[in-house]
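Student: This is the structure I have questions about; it appears just below.
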Amino acid sequence: MRFTILTLFPAMFDGPFQHSMLARAQEKGLLDIQLLAIRDFAHNRHQQVDDSPYGGGPGMVMKADVLETALQHATRQAPAHVVMMTPQGAPFRQADAFRLAALDHVVVICGHYEGVDERFVQKYADEQLSMGDFVLTGGEIAAMALVDAVARLIPGVLGDPQSCHEDSFGQGILDHPHYTRPAQWQGMGCPPVLTSGDHGAVAAWRRRQALLTTLIRRPDLLAEARLDKAERRLLNAFRQMLMMDEDGTC
C-alpha cells in the first residue's frame, strides 16, 4: 500500500516513520510512504503557498492552484483516494482505518494556517477526516496518526493478524484489561482465571471485562456494538450494579 503525504513540513515525519512497526513494514515492502513538499510546487520564486482570505479576517489560506499542482504530481502514475485532514472532517474511526487499508494508494493532504481554499476541497477531496474535536497547528500530526492506524491493518504488518481484530474498536467495543509478570506487584495480583490454563474461561472473562470497560468509559459505543442476547443481558446486569454503587446501596 502507498501513502503520499502532501505537507508544508516534510521533516516533521522523519521520526515517526523511521521506527518500530512502520519502519519494518517499509523494509518488507508492505508499505510505501512518499512525502511531497507543497512549496516545491509553488508558482513563483518566493514559493508562496498561501494568501490572505477573501472577505478579510485573520490568518492565511492555502492556495488551490498550488495544491492542485502538487496533487497532480502525486497521482501522475496512478489514481488515488484523496483524504483531507481537517477539524471540519468526519471523526476518524477504526472502521475508516479498515476501509482505507484495503486501498492501493491514499493521498493525505495536511492543511495549515486558517485552512485550504474550499474550491480545491470540493474538486479533489474524496473525504475529509478529523482526529477529534480539537484543533492542531496543522494536519501533519493527524496524518501521522492516520497512517499508523491504517498501516497496522495491512496484511503482514502485525506479527499476529488476529490481534488487530481484538484491539479496542475492532469488535465495536473497548479492549479488555491486560496483565503480565510479575504475578504480584505493589501488593496487587492478577485475576486467577488468567493463570488457570482454561482458555474458554479466559476468553469469557476477557469478553465480560471488555463489556464492563466499555460501559464505564465509552457507553456510546454500545449502541452499535455486535452483541448477542446473553451479552446484552450481562450489560443490563452491569448497569444495575453500577447504579446501585452510585446510590450507595451496594
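Chain labels A, B, ... are given in the sequence in which chains occur in the C-alpha cells; within each chain residues are numbered consecutively from 1, and ligands are likewise numbered from 1 in the order shown.
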Enumerate as a VMD selection string all residues of segment 10-190 of chain A assigned to strand (DSSP E) by DSSP on the backbone, naming them with the chain letters and numbers the document uses.
Tutor: chain A and resid 32 to 37 50 to 51 61 to 62 81 to 91 105 to 110 115 to 116 127 to 130
Student: Since we have the selection now, will you write its residues out, keeping C-alpha atoms, as a JSON list (two decimals), in the first residue's frame?
Tutor:
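The resulting file, part-v2.json, is shown below:
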[["chain", "number", "residue", "atom", "x", "y", "z"],
["A", 32, "ASP", "CA", 5.40, 2.79, 0.77],
["A", 33, "ILE", "CA", 5.29, 6.30, 2.24],
["A", 34, "GLN", "CA", 6.09, 9.22, -0.04],
["A", 35, "LEU", "CA", 6.38, 12.81, 1.21],
["A", 36, "LEU", "CA", 5.79, 15.75, -1.12],
["A", 37, "ALA", "CA", 6.75, 19.26, -0.04],
["A", 50, "ASP", "CA", -0.92, 30.84, 0.84],
["A", 51, "ASP", "CA", -2.70, 34.17, 0.55],
["A", 61, "VAL", "CA", -5.45, 30.35, 3.34],
["A", 62, "MET", "CA", -3.61, 27.65, 1.37],
["A", 81, "HIS", "CA", -8.11, 8.17, -2.83],
["A", 82, "VAL", "CA", -7.64, 11.73, -1.53],
["A", 83, "VAL", "CA", -8.07, 12.43, 2.18],
["A", 84, "MET", "CA", -8.05, 15.94, 3.63],
["A", 85, "MET", "CA", -7.12, 16.19, 7.30],
["A", 86, "THR", "CA", -9.21, 18.99, 8.79],
["A", 87, "PRO", "CA", -11.12, 19.79, 12.00],
["A", 88, "GLN", "CA", -14.20, 20.14, 9.77],
["A", 89, "GLY", "CA", -13.95, 16.49, 8.74],
["A", 90, "ALA", "CA", -15.88, 13.46, 9.91],
["A", 91, "PRO", "CA", -14.44, 11.74, 13.01],
["A", 105, "HIS", "CA", -2.93, 4.38, -2.88],
["A", 106, "VAL", "CA", -4.08, 7.07, -0.47],
["A", 107, "VAL", "CA", -3.06, 10.72, -0.72],
["A", 108, "VAL", "CA", -3.23, 12.59, 2.58],
["A", 109, "ILE", "CA", -3.29, 16.39, 2.44],
["A", 110, "CYS", "CA", -2.13, 18.25, 5.53],
["A", 115, "GLY", "CA", -7.38, 26.31, 6.17],
["A", 116, "VAL", "CA", -7.49, 25.34, 2.49],
["A", 127, "GLU", "CA", -13.31, 12.67, 2.04],
["A", 128, "GLN", "CA", -12.41, 14.91, 4.95],
["A", 129, "LEU", "CA", -11.36, 13.37, 8.26],
["A", 130, "SER", "CA", -10.72, 14.73, 11.74]]
Student: Each residue of segment 138-236 of chain A lying at most 8 Å from segment 14-26 of chain A should get a row with its shortest atom-to-atom pair and the distance in Å to one decimal, counting only C-alpha atoms; could you produce that, ordered by chain and increasing number, as JSON lines?
Tutor:
{"residue": "A:Met144", "atom": "CA", "partner": "A:Pro16", "partner_atom": "CA", "distance": 7.3}
{"residue": "A:Asp148", "atom": "CA", "partner": "A:Leu22", "partner_atom": "CA", "distance": 7.1}
{"residue": "A:Ala151", "atom": "CA", "partner": "A:Leu22", "partner_atom": "CA", "distance": 7.2}
{"residue": "A:Arg152", "atom": "CA", "partner": "A:Met21", "partner_atom": "CA", "distance": 7.6}
{"residue": "A:Val157", "atom": "CA", "partner": "A:Ala25", "partner_atom": "CA", "distance": 5.7}
{"residue": "A:Leu158", "atom": "CA", "partner": "A:Met21", "partner_atom": "CA", "distance": 7.8}
Student: Which residues are close to segment 207-221 of chain A, i.e. within 9 Å by only C-alpha atoms, leaving aside same-chain residues fewer than 3 positions away? Reply as a list in words.
Tutor: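 Using only C-alpha atoms, the neighbours found are Ser168, Phe169, Gly172, Ile173, Leu174, Asp175, His176, Pro177, Val202, Ala203, Ala204, Glu224, Ala225, Glu231, Leu234, Leu235, Phe238, Arg239 and Leu242 of chain A.
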Student: Go through A:Gln184, A:Gly59, A:Phe120, A:Glu114 and flag the residue nearest Gly138 of chain A, using only C-alpha atoms for the distances.
Tutor: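 Of all the options, A:Glu114 lies closest to Gly138 of chain A.
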Student: Give me the residues near segment 63-66 of chain A as a ChimeraX atom specification, where near means some atom within 12 Å (using only C-alpha atoms) and where sequence neighbours in that chain fewer than 4 positions away do not count.
Tutor: /A:6-8,37-44,47-54,70-73,111-125
Student: Here is a test: counting only C-alpha atoms, which residue of A:Ala78, A:Ala230, A:Val193, A:Met244 is nearest to Arg206 of chain A?
Tutor: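 For Arg206 of chain A, the nearest of the candidates is A:Val193.
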Student: Which parts of segment 22-194 of chain A does DSSP call alpha helix (DSSP H) when run on the backbone here, written out as JSON, numbers by chain?
Tutor: {"A": [22, 23, 24, 25, 26, 27, 64, 65, 66, 67, 68, 69, 70, 71, 72, 73, 74, 94, 95, 96, 97, 98, 99, 100, 101, 118, 119, 120, 121, 122, 123, 124, 140, 141, 142, 143, 144, 145, 146, 147, 148, 149, 150, 151, 163, 164, 165, 166]}
Student: Taking only C-alpha atoms into account, name the residue in A:Ala97, A:Gly56, A:Gln77, A:Ile141 that is nearest to Ala11 of chain A.
Tutor: A:Ile141
Student: Which distance in Å separates atom CA of Asp104 of chain A and atom CA of Met1 of chain A, to one decimal?
Tutor: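 Computing it gives 4.9 Å between the two atoms.
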